[in-house]
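Novice: For reference, the file work.tsv (TSV, C-alpha atoms and all ligand atoms) is included below:
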chain	number	residue	atom	x	y	z
A	18	MET	CA	-65.31	-80.19	120.41
A	19	GLU	CA	-68.13	-81.90	122.34
A	20	ILE	CA	-70.85	-81.53	119.75
A	21	PHE	CA	-73.86	-82.80	121.73
A	22	LYS	CA	-72.93	-80.57	124.66
A	23	LYS	CA	-72.80	-77.64	122.23
A	24	MET	CA	-76.19	-78.60	120.81
A	25	GLU	CA	-77.76	-78.87	124.25
A	26	GLU	CA	-76.59	-75.36	125.15
A	27	HIS	CA	-79.27	-73.73	122.99
A	28	ASP	CA	-81.34	-76.84	122.29
A	29	TYR	CA	-80.36	-77.37	118.64
A	30	GLU	CA	-82.50	-80.00	116.93
A	31	GLN	CA	-80.15	-81.29	114.26
A	32	LEU	CA	-76.71	-80.85	112.71
A	33	VAL	CA	-76.18	-82.45	109.31
A	34	PHE	CA	-72.66	-82.96	107.95
A	35	CYS	CA	-72.62	-83.27	104.16
A	36	GLN	CA	-69.55	-84.52	102.29
A	37	ASP	CA	-69.08	-85.14	98.58
A	38	LYS	CA	-65.50	-85.97	97.58
A	39	ASN	CA	-66.16	-85.60	93.85
A	40	SER	CA	-67.15	-81.93	94.07
A	41	GLY	CA	-65.25	-81.02	97.23
A	42	LEU	CA	-68.47	-80.22	99.10
A	43	LYS	CA	-68.08	-79.95	102.85
A	44	ALA	CA	-71.26	-78.46	104.30
A	45	ILE	CA	-72.84	-78.26	107.71
A	46	ILE	CA	-76.59	-77.71	107.90
A	47	CYS	CA	-77.81	-76.53	111.27
A	48	ILE	CA	-81.51	-76.89	112.06
A	49	HIS	CA	-82.00	-75.05	115.31
A	50	ASP	CA	-85.73	-74.99	116.03
A	51	THR	CA	-88.75	-75.95	113.94
A	52	THR	CA	-91.51	-75.04	116.39
A	53	LEU	CA	-92.89	-72.39	114.03
A	54	GLY	CA	-92.36	-74.31	110.79
A	55	PRO	CA	-89.60	-75.56	108.50
A	56	ALA	CA	-86.18	-74.05	109.19
A	57	LEU	CA	-85.43	-71.35	106.62
A	58	GLY	CA	-81.97	-69.80	106.44
A	59	GLY	CA	-79.28	-69.03	103.94
A	60	THR	CA	-76.11	-70.83	102.88
A	61	ARG	CA	-72.80	-69.16	103.69
A	62	MET	CA	-69.63	-70.13	101.82
A	63	TRP	CA	-66.50	-69.09	103.68
A	64	ASN	CA	-62.90	-70.15	103.93
A	65	TYR	CA	-63.05	-71.22	107.58
A	66	ALA	CA	-59.66	-71.74	109.22
A	67	THR	CA	-60.89	-74.83	111.09
A	68	GLU	CA	-63.88	-77.19	111.12
A	69	GLU	CA	-64.67	-76.02	114.68
A	70	GLU	CA	-64.95	-72.44	113.42
A	71	ALA	CA	-67.37	-73.59	110.70
A	72	ILE	CA	-69.53	-75.51	113.19
A	73	GLU	CA	-69.58	-72.51	115.57
A	74	ASP	CA	-70.68	-70.24	112.73
A	75	ALA	CA	-73.38	-72.65	111.51
A	76	ILE	CA	-74.96	-72.97	114.93
A	77	ARG	CA	-74.78	-69.28	115.81
A	78	LEU	CA	-76.28	-68.34	112.45
A	79	GLY	CA	-78.93	-71.09	112.63
A	80	ARG	CA	-80.11	-69.94	116.04
A	81	GLY	CA	-80.13	-66.36	114.80
A	82	MET	CA	-82.55	-67.40	112.04
A	83	THR	CA	-84.93	-68.90	114.62
A	84	TYR	CA	-85.10	-65.52	116.34
A	85	LYS	CA	-85.24	-63.58	113.07
A	86	ASN	CA	-88.09	-65.60	111.61
A	87	ALA	CA	-90.04	-65.60	114.89
A	88	ALA	CA	-89.64	-61.84	115.43
A	89	ALA	CA	-90.69	-61.17	111.83
A	90	GLY	CA	-93.93	-63.06	112.44
A	91	LEU	CA	-93.07	-65.76	109.90
A	92	ASN	CA	-94.31	-69.32	110.28
A	93	LEU	CA	-90.78	-70.60	109.91
A	94	GLY	CA	-88.17	-72.10	112.15
A	95	GLY	CA	-84.48	-71.30	112.03
A	96	GLY	CA	-81.54	-72.95	110.34
A	97	LYS	CA	-78.47	-72.15	108.31
A	98	THR	CA	-75.79	-73.86	106.26
A	99	VAL	CA	-72.09	-73.19	106.01
A	100	ILE	CA	-70.04	-74.55	103.13
A	101	ILE	CA	-66.33	-74.72	103.87
A	102	GLY	CA	-64.40	-73.23	100.95
A	103	ASP	CA	-63.31	-70.11	99.16
A	104	PRO	CA	-66.30	-68.74	97.22
A	105	LEU	CA	-63.95	-67.16	94.67
A	106	LYS	CA	-62.05	-70.38	93.90
A	107	ASP	CA	-63.78	-73.52	95.11
A	108	LYS	CA	-67.29	-73.38	93.61
A	109	ASN	CA	-68.48	-75.79	90.93
A	110	GLU	CA	-71.81	-76.98	89.58
A	111	GLU	CA	-71.52	-80.46	91.08
A	112	MET	CA	-70.94	-78.98	94.55
A	113	PHE	CA	-74.23	-77.07	94.63
A	114	ARG	CA	-76.11	-79.92	93.01
A	115	ALA	CA	-74.74	-82.37	95.58
A	116	PHE	CA	-75.75	-79.92	98.30
A	117	GLY	CA	-79.22	-79.68	96.74
A	118	ARG	CA	-79.60	-83.46	97.03
A	119	PHE	CA	-78.65	-83.34	100.70
A	120	ILE	CA	-81.32	-80.66	101.24
A	121	GLN	CA	-83.84	-82.80	99.37
A	122	GLY	CA	-83.00	-85.64	101.76
A	123	LEU	CA	-84.27	-83.50	104.63
A	124	ASN	CA	-87.69	-83.56	103.01
A	125	GLY	CA	-88.61	-79.93	103.74
A	126	ARG	CA	-87.28	-79.61	107.28
A	127	TYR	CA	-84.77	-77.09	105.90
A	128	ILE	CA	-85.17	-74.51	103.12
A	129	THR	CA	-82.17	-72.54	101.92
A	130	ALA	CA	-81.36	-69.17	100.27
A	131	GLU	CA	-78.34	-66.87	99.80
A	132	ASP	CA	-75.92	-65.64	102.41
A	133	VAL	CA	-72.32	-64.38	102.30
A	134	GLY	CA	-70.43	-66.06	99.48
A	135	THR	CA	-73.43	-67.48	97.60
A	136	THR	CA	-75.48	-66.07	94.73
A	137	VAL	CA	-78.72	-66.50	92.82
A	138	ALA	CA	-76.78	-68.60	90.28
A	139	ASP	CA	-75.72	-70.98	93.09
A	140	MET	CA	-79.34	-71.23	94.27
A	141	ASP	CA	-80.39	-72.06	90.71
A	142	LEU	CA	-77.98	-75.00	90.75
A	143	ILE	CA	-79.39	-76.20	94.08
A	144	HIS	CA	-82.85	-75.87	92.52
A	145	GLU	CA	-81.84	-78.43	89.87
A	146	GLU	CA	-82.03	-81.01	92.66
A	147	THR	CA	-84.59	-79.74	95.14
A	148	ASP	CA	-87.56	-77.42	95.48
A	149	PHE	CA	-86.53	-76.48	99.04
A	150	VAL	CA	-84.61	-73.40	97.94
A	151	THR	CA	-85.66	-69.75	97.68
A	152	GLY	CA	-83.99	-66.69	96.16
A	153	ILE	CA	-83.59	-68.42	92.80
A	154	SER	CA	-83.95	-66.60	89.46
A	155	PRO	CA	-87.20	-64.59	89.11
A	156	ALA	CA	-87.82	-66.50	85.86
A	157	PHE	CA	-88.88	-69.45	88.07
A	158	GLY	CA	-91.45	-67.26	89.86
A	159	SER	CA	-89.01	-66.62	92.69
A	160	SER	CA	-88.24	-63.39	94.54
A	161	GLY	CA	-84.64	-63.36	93.23
A	162	ASN	CA	-81.71	-61.89	95.11
A	163	PRO	CA	-82.76	-61.00	98.69
A	164	SER	CA	-79.91	-58.52	99.31
A	165	PRO	CA	-81.58	-55.33	97.97
A	166	VAL	CA	-84.62	-56.05	100.14
A	167	THR	CA	-82.44	-56.71	103.18
A	168	ALA	CA	-80.77	-53.37	102.43
A	169	TYR	CA	-84.10	-51.55	102.25
A	170	GLY	CA	-85.26	-53.08	105.56
A	171	CYS	CA	-81.97	-52.11	107.10
A	172	TYR	CA	-82.36	-48.54	105.82
A	173	ILE	CA	-85.81	-48.06	107.34
A	174	GLY	CA	-84.72	-49.83	110.55
A	175	MET	CA	-81.80	-47.41	110.76
A	176	LYS	CA	-84.24	-44.51	110.45
A	177	ALA	CA	-86.25	-45.91	113.38
A	178	ALA	CA	-83.03	-46.15	115.41
A	179	ALA	CA	-82.14	-42.56	114.44
A	180	LEU	CA	-85.52	-41.41	115.74
A	181	GLU	CA	-84.72	-43.04	119.08
A	182	ALA	CA	-81.21	-41.56	119.28
A	183	PHE	CA	-81.65	-38.12	117.73
A	184	GLY	CA	-85.40	-37.46	118.06
A	185	ASP	CA	-85.74	-37.30	114.25
A	186	ASP	CA	-85.61	-40.14	111.74
A	187	SER	CA	-84.03	-38.09	108.97
A	188	LEU	CA	-80.59	-39.32	107.93
A	189	GLU	CA	-79.84	-36.22	105.88
A	190	GLY	CA	-76.48	-34.81	106.93
A	191	LYS	CA	-75.76	-37.74	109.25
A	192	THR	CA	-72.34	-39.40	108.97
A	193	ILE	CA	-72.58	-43.16	108.67
A	194	ALA	CA	-69.60	-45.51	108.93
A	195	VAL	CA	-70.28	-48.67	106.95
A	196	GLN	CA	-68.23	-51.84	107.50
A	197	GLY	CA	-68.28	-54.05	104.40
A	198	VAL	CA	-69.81	-52.76	101.19
A	199	GLY	CA	-70.92	-56.03	99.62
A	200	ASN	CA	-74.32	-57.09	98.32
A	201	VAL	CA	-76.45	-55.64	101.10
A	202	ALA	CA	-74.40	-52.59	102.03
A	203	TYR	CA	-73.97	-51.35	98.47
A	204	THR	CA	-77.75	-50.87	98.17
A	205	LEU	CA	-77.96	-49.60	101.75
A	206	CYS	CA	-75.34	-46.94	100.83
A	207	LYS	CA	-77.43	-46.04	97.78
A	208	HIS	CA	-80.50	-45.32	99.96
A	209	LEU	CA	-78.40	-43.38	102.47
A	210	HIS	CA	-76.68	-41.37	99.74
A	211	GLU	CA	-80.04	-40.52	98.16
A	212	GLU	CA	-81.24	-39.22	101.51
A	213	GLY	CA	-78.18	-36.99	101.84
A	214	ALA	CA	-76.11	-38.93	104.39
A	215	LYS	CA	-72.30	-38.71	104.38
A	216	LEU	CA	-70.67	-42.12	104.03
A	217	ILE	CA	-67.44	-43.52	105.39
A	218	VAL	CA	-66.78	-47.05	104.10
A	219	THR	CA	-64.35	-49.90	104.49
A	220	ASP	CA	-63.98	-53.35	102.98
A	221	ILE	CA	-61.24	-55.94	102.63
A	222	ASN	CA	-62.12	-56.03	98.94
A	223	GLN	CA	-60.69	-52.92	97.25
A	224	GLU	CA	-63.11	-53.16	94.29
A	225	ALA	CA	-66.09	-52.92	96.65
A	226	VAL	CA	-64.57	-49.86	98.30
A	227	ASP	CA	-63.85	-48.16	94.96
A	228	ARG	CA	-67.44	-48.73	93.82
A	229	ALA	CA	-68.87	-47.00	96.91
A	230	VAL	CA	-66.37	-44.15	96.60
A	231	ASN	CA	-67.18	-43.63	92.91
A	232	ASP	CA	-70.95	-44.11	93.10
A	233	PHE	CA	-71.75	-42.37	96.38
A	234	GLY	CA	-68.80	-40.07	97.08
A	235	ALA	CA	-67.97	-42.16	100.16
A	236	THR	CA	-64.73	-41.64	102.08
A	237	ALA	CA	-62.65	-44.82	102.33
A	238	VAL	CA	-60.80	-45.88	105.49
A	239	GLY	CA	-58.83	-49.01	106.42
A	240	PRO	CA	-60.65	-52.03	107.91
A	241	ASN	CA	-59.25	-51.41	111.40
A	242	ASP	CA	-60.06	-47.70	111.38
A	243	ILE	CA	-63.81	-47.96	110.80
A	244	TYR	CA	-64.69	-48.29	114.51
A	245	SER	CA	-63.06	-45.04	115.63
A	246	GLN	CA	-64.58	-42.72	113.03
A	247	GLU	CA	-66.26	-39.49	114.09
A	248	ALA	CA	-69.70	-40.58	112.89
A	249	ASP	CA	-73.31	-40.62	114.03
A	250	ILE	CA	-74.07	-44.22	113.10
A	251	PHE	CA	-71.97	-47.37	112.74
A	252	ALA	CA	-73.43	-49.87	110.25
A	253	PRO	CA	-71.79	-53.31	110.54
A	254	CYS	CA	-72.51	-55.05	107.23
A	255	ALA	CA	-69.75	-57.67	107.00
A	256	MET	CA	-69.19	-60.54	109.43
A	257	GLY	CA	-70.35	-61.25	112.99
A	258	ALA	CA	-68.89	-60.70	116.49
A	259	ILE	CA	-67.59	-57.23	115.64
A	260	ILE	CA	-69.15	-55.59	118.69
A	261	ASN	CA	-66.66	-56.79	121.27
A	262	ASP	CA	-64.19	-55.76	123.98
A	263	ASP	CA	-61.73	-54.32	121.45
A	264	THR	CA	-64.17	-52.37	119.30
A	265	ILE	CA	-66.66	-50.92	121.79
A	266	PRO	CA	-64.17	-48.52	123.43
A	267	GLN	CA	-63.32	-47.14	119.99
A	268	LEU	CA	-66.91	-46.27	119.03
A	269	LYS	CA	-67.84	-42.57	118.97
A	270	VAL	CA	-71.27	-43.11	117.42
A	271	LYS	CA	-74.74	-42.83	118.98
A	272	VAL	CA	-76.26	-45.71	116.97
A	273	VAL	CA	-75.22	-49.21	115.85
A	274	ALA	CA	-77.50	-50.38	113.03
A	275	GLY	CA	-76.41	-52.65	110.21
A	276	SER	CA	-77.13	-55.85	108.30
A	277	ALA	CA	-74.49	-58.23	109.69
A	278	ASN	CA	-75.71	-61.30	111.53
A	279	ASN	CA	-74.62	-61.95	115.13
A	280	GLN	CA	-73.04	-58.54	115.66
A	281	LEU	CA	-72.61	-58.91	119.43
A	282	LYS	CA	-69.69	-61.20	120.20
A	283	GLU	CA	-71.33	-62.05	123.52
A	284	ALA	CA	-74.60	-60.93	125.11
A	285	ARG	CA	-72.70	-58.77	127.60
A	286	HIS	CA	-71.53	-56.58	124.71
A	287	GLY	CA	-75.16	-55.55	124.23
A	288	ASP	CA	-75.21	-54.48	127.89
A	289	GLU	CA	-72.03	-52.50	127.29
A	290	LEU	CA	-73.57	-50.60	124.36
A	291	GLU	CA	-76.57	-49.79	126.53
A	292	ALA	CA	-74.34	-48.61	129.39
A	293	ARG	CA	-72.57	-46.24	127.00
A	294	GLY	CA	-75.88	-44.82	125.76
A	295	ILE	CA	-75.44	-46.25	122.26
A	296	VAL	CA	-78.75	-47.16	120.60
A	297	TYR	CA	-78.48	-50.71	119.22
A	298	ALA	CA	-80.93	-51.88	116.56
A	299	PRO	CA	-80.98	-55.67	117.13
A	300	ASP	CA	-79.37	-57.40	114.12
A	301	PHE	CA	-81.93	-60.11	113.54
A	302	VAL	CA	-84.76	-57.59	113.35
A	303	ILE	CA	-83.14	-54.88	111.24
A	304	ASN	CA	-81.76	-57.42	108.74
A	305	SER	CA	-84.95	-59.46	108.33
A	306	GLY	CA	-86.02	-57.88	105.01
A	307	GLY	CA	-84.36	-60.58	102.90
A	308	VAL	CA	-85.90	-63.52	104.71
A	309	ILE	CA	-89.32	-61.82	104.76
A	310	ASN	CA	-89.02	-61.44	101.00
A	311	VAL	CA	-87.91	-65.00	100.21
A	312	ALA	CA	-90.42	-66.46	102.69
A	313	ASP	CA	-93.22	-65.02	100.60
A	314	GLU	CA	-92.33	-67.59	97.92
A	315	LEU	CA	-94.03	-70.20	100.09
A	316	TYR	CA	-97.34	-68.51	99.27
A	317	GLY	CA	-96.55	-67.84	95.59
A	318	TYR	CA	-94.35	-64.76	95.47
A	319	ASN	CA	-96.12	-61.40	95.53
A	320	ASN	CA	-93.76	-58.42	95.66
A	321	GLU	CA	-96.36	-55.97	96.96
A	322	ARG	CA	-97.35	-58.27	99.84
A	323	ALA	CA	-93.73	-58.97	100.71
A	324	MET	CA	-92.69	-55.31	100.69
A	325	LYS	CA	-95.66	-54.38	102.87
A	326	ARG	CA	-94.33	-56.81	105.44
A	327	VAL	CA	-90.78	-55.52	105.07
A	328	GLU	CA	-92.05	-52.01	105.85
A	329	THR	CA	-93.06	-53.27	109.34
A	330	ILE	CA	-89.36	-53.43	110.29
A	331	TYR	CA	-89.58	-49.72	111.18
A	332	ASP	CA	-92.38	-50.40	113.68
A	333	SER	CA	-90.70	-53.53	115.04
A	334	ILE	CA	-87.52	-51.61	115.83
A	335	THR	CA	-89.59	-48.83	117.44
A	336	LYS	CA	-91.53	-51.41	119.48
A	337	ILE	CA	-88.29	-52.99	120.69
A	338	PHE	CA	-87.11	-49.64	122.05
A	339	GLU	CA	-90.48	-49.26	123.80
A	340	ILE	CA	-90.22	-52.72	125.41
A	341	SER	CA	-86.63	-51.96	126.33
A	342	LYS	CA	-87.69	-48.82	128.24
A	343	ARG	CA	-90.82	-50.40	129.73
A	344	ASP	CA	-88.96	-53.46	131.06
A	345	ASN	CA	-85.71	-51.61	131.73
A	346	VAL	CA	-83.65	-54.03	129.64
A	347	PRO	CA	-81.20	-53.46	126.76
A	348	SER	CA	-82.67	-53.58	123.26
A	349	TYR	CA	-81.07	-56.94	122.42
A	350	ILE	CA	-82.91	-58.55	125.35
A	351	ALA	CA	-86.19	-56.87	124.34
A	352	ALA	CA	-85.79	-58.34	120.83
A	353	ASP	CA	-84.96	-61.81	122.18
A	354	ARG	CA	-88.08	-61.70	124.36
A	355	MET	CA	-90.26	-60.70	121.44
A	356	ALA	CA	-89.08	-63.76	119.48
A	357	GLU	CA	-89.06	-66.20	122.41
A	358	GLU	CA	-92.57	-65.21	123.53
A	359	ARG	CA	-93.97	-65.88	120.04
A	360	ILE	CA	-92.29	-69.30	119.86
A	361	GLU	CA	-93.64	-70.21	123.29
A	362	ARG	CA	-97.17	-69.04	122.40
A	363	VAL	CA	-97.19	-71.17	119.26
A	364	ARG	CA	-95.61	-74.16	121.05
A	365	THR	CA	-98.37	-74.06	123.66
A	366	SER	CA	-101.21	-73.57	121.18
A	367	ARG	CA	-100.05	-76.60	119.18
A	368	SER	CA	-100.92	-78.99	121.98
A	369	GLN	CA	-103.86	-80.69	120.21
A	370	PHE	CA	-103.25	-83.65	117.92
A	371	LEU	CA	-103.49	-82.88	114.21
A	372	ARG	CA	-103.78	-85.70	111.74
A	373	ASN	CA	-101.13	-85.62	109.02
A	374	GLU	CA	-100.19	-87.83	106.09
A	375	HIS	CA	-98.45	-90.32	108.37
A	376	ASN	CA	-101.62	-91.16	110.27
A	377	ILE	CA	-103.74	-92.36	107.36
A	378	LEU	CA	-104.38	-96.04	108.13
A	379	SER	CA	-106.25	-96.62	104.88
A	380	ARG	CA	-102.90	-96.39	103.07
A	381	ARG	CA	-101.66	-99.66	104.60
B	401	LIG	N1	-77.71	-60.93	101.80
B	401	LIG	C1	-78.78	-60.82	102.58
B	401	LIG	O1	-79.91	-60.71	102.12
B	401	LIG	C2	-78.59	-60.79	104.07
B	401	LIG	C3	-79.71	-60.86	104.89
B	401	LIG	C4	-79.56	-60.76	106.26
B	401	LIG	C5	-78.30	-60.62	106.81
B	401	LIG	N2	-77.22	-60.58	105.99
B	401	LIG	C6	-75.90	-60.41	106.61
B	401	LIG	O2	-75.34	-59.16	106.20
B	401	LIG	C7	-73.92	-59.30	106.09
B	401	LIG	C8	-73.49	-58.94	104.67
B	401	LIG	O3	-74.11	-59.82	103.76
B	401	LIG	P1	-73.90	-59.68	102.18
B	401	LIG	O4	-74.87	-60.58	101.57
B	401	LIG	O5	-73.87	-58.25	101.81
B	401	LIG	O6	-72.46	-60.32	102.04
B	401	LIG	P2	-71.30	-59.93	101.01
B	401	LIG	O7	-70.31	-61.02	101.06
B	401	LIG	O8	-71.85	-59.54	99.69
B	401	LIG	O9	-70.69	-58.61	101.67
B	401	LIG	C9	-69.88	-58.63	102.80
B	401	LIG	C10	-68.72	-57.68	102.53
B	401	LIG	O10	-67.96	-57.57	103.72
B	401	LIG	C11	-66.59	-57.56	103.38
B	401	LIG	N3	-65.82	-57.94	104.56
B	401	LIG	C12	-65.64	-59.17	105.10
B	401	LIG	N4	-64.88	-59.08	106.20
B	401	LIG	C13	-64.59	-57.78	106.37
B	401	LIG	C14	-63.86	-57.04	107.32
B	401	LIG	N5	-63.23	-57.64	108.35
B	401	LIG	N6	-63.78	-55.70	107.20
B	401	LIG	C15	-64.38	-55.07	106.17
B	401	LIG	N7	-65.08	-55.71	105.21
B	401	LIG	C16	-65.19	-57.05	105.32
B	401	LIG	C17	-66.49	-58.50	102.21
B	401	LIG	O11	-65.31	-58.27	101.44
B	401	LIG	C18	-67.77	-58.18	101.44
B	401	LIG	O12	-67.58	-57.16	100.46
B	401	LIG	C19	-73.61	-60.73	106.51
B	401	LIG	O13	-73.34	-60.79	107.89
B	401	LIG	C20	-74.90	-61.47	106.21
B	401	LIG	O14	-75.05	-62.65	106.97
B	401	LIG	C21	-77.33	-60.66	104.65
B	402	LIG	C1	-82.37	-64.47	102.79
B	402	LIG	C2	-82.27	-65.21	104.05
B	402	LIG	C3	-82.98	-66.52	103.94
B	402	LIG	C4	-80.88	-65.45	104.50
B	402	LIG	C5	-80.12	-64.20	104.87
B	402	LIG	N1	-78.75	-64.40	104.53
B	402	LIG	C6	-80.29	-63.89	106.35
B	402	LIG	O1	-79.37	-64.00	107.12
B	402	LIG	O2	-81.36	-63.46	106.75
Please render this file's structure as structure tokens.
Specialist:
Amino acid sequence: MEIFKKMEEHDYEQLVFCQDKNSGLKAIICIHDTTLGPALGGTRMWNYATEEEAIEDAIRLGRGMTYKNAAAGLNLGGGKTVIIGDPLKDKNEEMFRAFGRFIQGLNGRYITAEDVGTTVADMDLIHEETDFVTGISPAFGSSGNPSPVTAYGCYIGMKAAALEAFGDDSLEGKTIAVQGVGNVAYTLCKHLHEEGAKLIVTDINQEAVDRAVNDFGATAVGPNDIYSQEADIFAPCAMGAIINDDTIPQLKVKVVAGSANNQLKEARHGDELEARGIVYAPDFVINSGGVINVADELYGYNNERAMKRVETIYDSITKIFEISKRDNVPSYIAADRMAEERIERVRTSRSQFLRNEHNILSRR
């Protein structure tokens, strides 16, 4: 893999490879863009088949965070970490502490949080070594686990998408096919069940499936059958790239709205959804509840303030559909524009020199 060529493709600032033989840590921190502020993005632990696959995931996810944070109006850049390993077998205290020291070495350019395969307990271990971590235990004044807030944002974003597709934002009686019923989707299913939606679920983890079946009366289907269900909405809440050449022809739904990052395998798959009249709620907007919540820790966490901001996801999704119609572009392009325009505005307005701690001559 030609790494610098890859980095130039979407102008990545920095890739940091972290290795600690003692604990088995193999992590890649991707800092994509810090125009708006320090790069904030979660840490994913996954059993990647190859190092190339891990690098690809880190950079795709890191860039996604730049767009997510910009579109959410946060003063934060985008980044992400992947740790190579099986989250069920390979974790240990030393690993997360070693990782915490690597984050500390970046001196605030990167701030982490949870993602797939990591938990509040892991963040607490990172916190033993660095302050540049969010989503730690509430006992430390933190916002805690971001997943329920991501789920809530996703729920209200789905309602905004339903309004666009069906002319009514009620999800009562709607059939929703949910892929992956982990941390985010379990709570999403709870909201949907409480509103009277019918749920079809799948997961590669049988326990997760059983929980959704027992708690919400969901119907379980196999992982490969979720795309072809007779449903109103498809909610991808597992891994990325699942809207692709194989899956799109199977979809019978009118809406795609879920929490997974990087749902479109390639940009052209967003065009294909549009061509088929399927309303797509852009992933990095609908799933921004968690990052909005943890980002509030930078001001001293206030739940009321954070949730007020999370509520704006409904309007953001609605605005994206308006831009999409106004500019005659698919919703994923409208969302990209919203984020890119904000980054450009801030980049331009930062043209004046601002003295910082490195320009104080009296310290010599
Ligand atoms: N946790 C958050 O706050 C948050 C915020 C924004 C975006 N996201 C994104 O939402 C998605 C879910 O995150 P999570 O925190 O709930 O993770 P999670 O690991 O708790 O849940 C993911 C679930 O998907 C299942 N899964 C994996 N591959 C699958 C497949 N091929 N078919 C069916 N099920 C499969 C897993 O077994 C697991 O139960 C991820 O893409 C994540 O990046 C999460
Ligand atoms: C809570 C966030 C910082 C990270 C989250 N996993 C996301 O993708 O948005």
Novice: Would you pick out the contacts of A:Ala194 at 9 Å or less, using all atoms listed in the file, so that residues sharing its chain but fewer than 5 positions from it are not included, and give the list as a list of chain:residue names?
Specialist: A:Lys215, A:Leu216, A:Ile217, A:Val218, A:Thr219, A:Ile243, A:Tyr244, A:Gln246, A:Glu247, A:Ala248, A:Asp249, A:Ile250, A:Phe251, A:Ala252, A:Pro253, A:Val270
Novice: Within 9 Å of A:Thr135, counting only C-alpha atoms, which residues show up once you throw out same-chain ones fewer than 6 positions away? Write them as an NGL selection string, please.
Specialist: :A and (59-62 or 104)
Novice: Could you give me, as JSON, numbers by chain, every polymer residue with an atom at most 6 Å away from an atom of ligand LIG 401 (chain B), counting only C-alpha atoms and all ligand atoms?
Specialist: {"A": [132, 133, 134, 163, 164, 167, 196, 197, 198, 199, 200, 201, 202, 219, 220, 221, 222, 225, 240, 254, 255, 256, 257, 276, 277, 278, 304, 305, 307]}
Novice: Of the candidates A:Pro266, A:Gly306, A:Pro347, A:Gly122, which one gets nearest to ligand LIG 402 (chain B) if we count only C-alpha atoms and all ligand atoms?
Specialist: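 Using only C-alpha atoms and all ligand atoms, the shortest distance to ligand LIG 402 (chain B) belongs to A:Gly306.
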Novice: Record the distance separating atom CA of A:Asp227 and atom CA of A:Cys206, expressed in Å with one decimal.
Specialist: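 We find that atom CA of A:Asp227 and atom CA of A:Cys206 lie 13.0 Å from each other.
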Novice: Using only C-alpha atoms and all ligand atoms, which residue out of A:Tyr297, A:Phe149, A:Tyr316, A:Tyr203 lies closest to ligand LIG 402 (chain B)?
Specialist: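 With only C-alpha atoms and all ligand atoms as the atom set, the closest residue is A:Phe149.
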Novice: Go ahead and compute the interatomic distance for atom CA of A:Ala178 and atom N1 of ligand LIG 402 (chain B), in Å to one decimal.
Specialist: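 These two atoms are separated by 21.7 Å.
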Novice: Excluding A:Glu283 and its own-chain neighbours fewer than 2 positions away, which residues fall within 8 Å of it when counting only C-alpha atoms? Please give them as a ChimeraX atom specification.
Specialist: /A:258,261,281,285-287
Novice: Looking at A:Glu145, A:Glu328, A:Glu289, A:Glu314, which one is nearest to ligand LIG 402 (chain B), with distances taken over all atoms listed in the file?
Specialist: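 Looking only at the distances to ligand LIG 402 (chain B), the closest residue turns out to be A:Glu314.
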Novice: Could you work out an axis-aligned bounding box for all listed atoms of ligand LIG 402 (chain B), with 3 Å added on each of the six sides, and give its centre and edge lengths in Å to one decimal, as lines of an AutoDock Vina configuration file?
Specialist:
center_x = -80.9
center_y = -65.0
center_z = 105.0
size_x = 10.2
size_y = 9.1
size_z = 10.3
Novice: Please determine, counting only C-alpha atoms and all ligand atoms, which residue among A:Asp185, A:Glu211, A:Asp300, A:Glu25 has the shortest atom-to-atom distance to ligand LIG 402 (chain B).
Specialist: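 Closest to ligand LIG 402 (chain B) of all the choices is A:Asp300.
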Novice: Counting all atoms listed in the file, what is within 6 Å of A:Gly79, bar same-chain residues fewer than 2 positions away, as a ChimeraX atom specification?
Specialist: /A:47,49,75-77,81-82,95-97
Novice: Please export stretch 193-212 of chain A as a PDB file, in the first residue's frame, restricted to C-alpha atoms.
Specialist:
ATOM      1  CA  ILE A 193     -38.123  -1.437  10.317  1.00  0.00           C
ATOM      2  CA  ALA A 194     -35.346  -3.881   9.422  1.00  0.00           C
ATOM      3  CA  VAL A 195     -32.396  -3.380  11.766  1.00  0.00           C
ATOM      4  CA  GLN A 196     -28.938  -4.743  10.916  1.00  0.00           C
ATOM      5  CA  GLY A 197     -26.875  -5.286  14.076  1.00  0.00           C
ATOM      6  CA  VAL A 198     -28.513  -4.925  17.471  1.00  0.00           C
ATOM      7  CA  GLY A 199     -25.510  -3.883  19.538  1.00  0.00           C
ATOM      8  CA  ASN A 200     -25.020  -0.891  21.822  1.00  0.00           C
ATOM      9  CA  VAL A 201     -26.675   1.733  19.635  1.00  0.00           C
ATOM     10  CA  ALA A 202     -29.337  -0.351  17.931  1.00  0.00           C
ATOM     11  CA  TYR A 203     -30.632  -1.948  21.124  1.00  0.00           C
ATOM     12  CA  THR A 204     -31.691   1.483  22.421  1.00  0.00           C
ATOM     13  CA  LEU A 205     -32.844   2.534  18.951  1.00  0.00           C
ATOM     14  CA  CYS A 206     -35.111  -0.561  18.887  1.00  0.00           C
ATOM     15  CA  LYS A 207     -36.433   0.425  22.317  1.00  0.00           C
ATOM     16  CA  HIS A 208     -37.519   3.860  21.031  1.00  0.00           C
ATOM     17  CA  LEU A 209     -39.019   2.330  17.891  1.00  0.00           C
ATOM     18  CA  HIS A 210     -40.855  -0.360  19.862  1.00  0.00           C
ATOM     19  CA  GLU A 211     -42.259   2.262  22.245  1.00  0.00           C
ATOM     20  CA  GLU A 212     -43.603   4.193  19.270  1.00  0.00           C
TER      21      GLU A 212
END
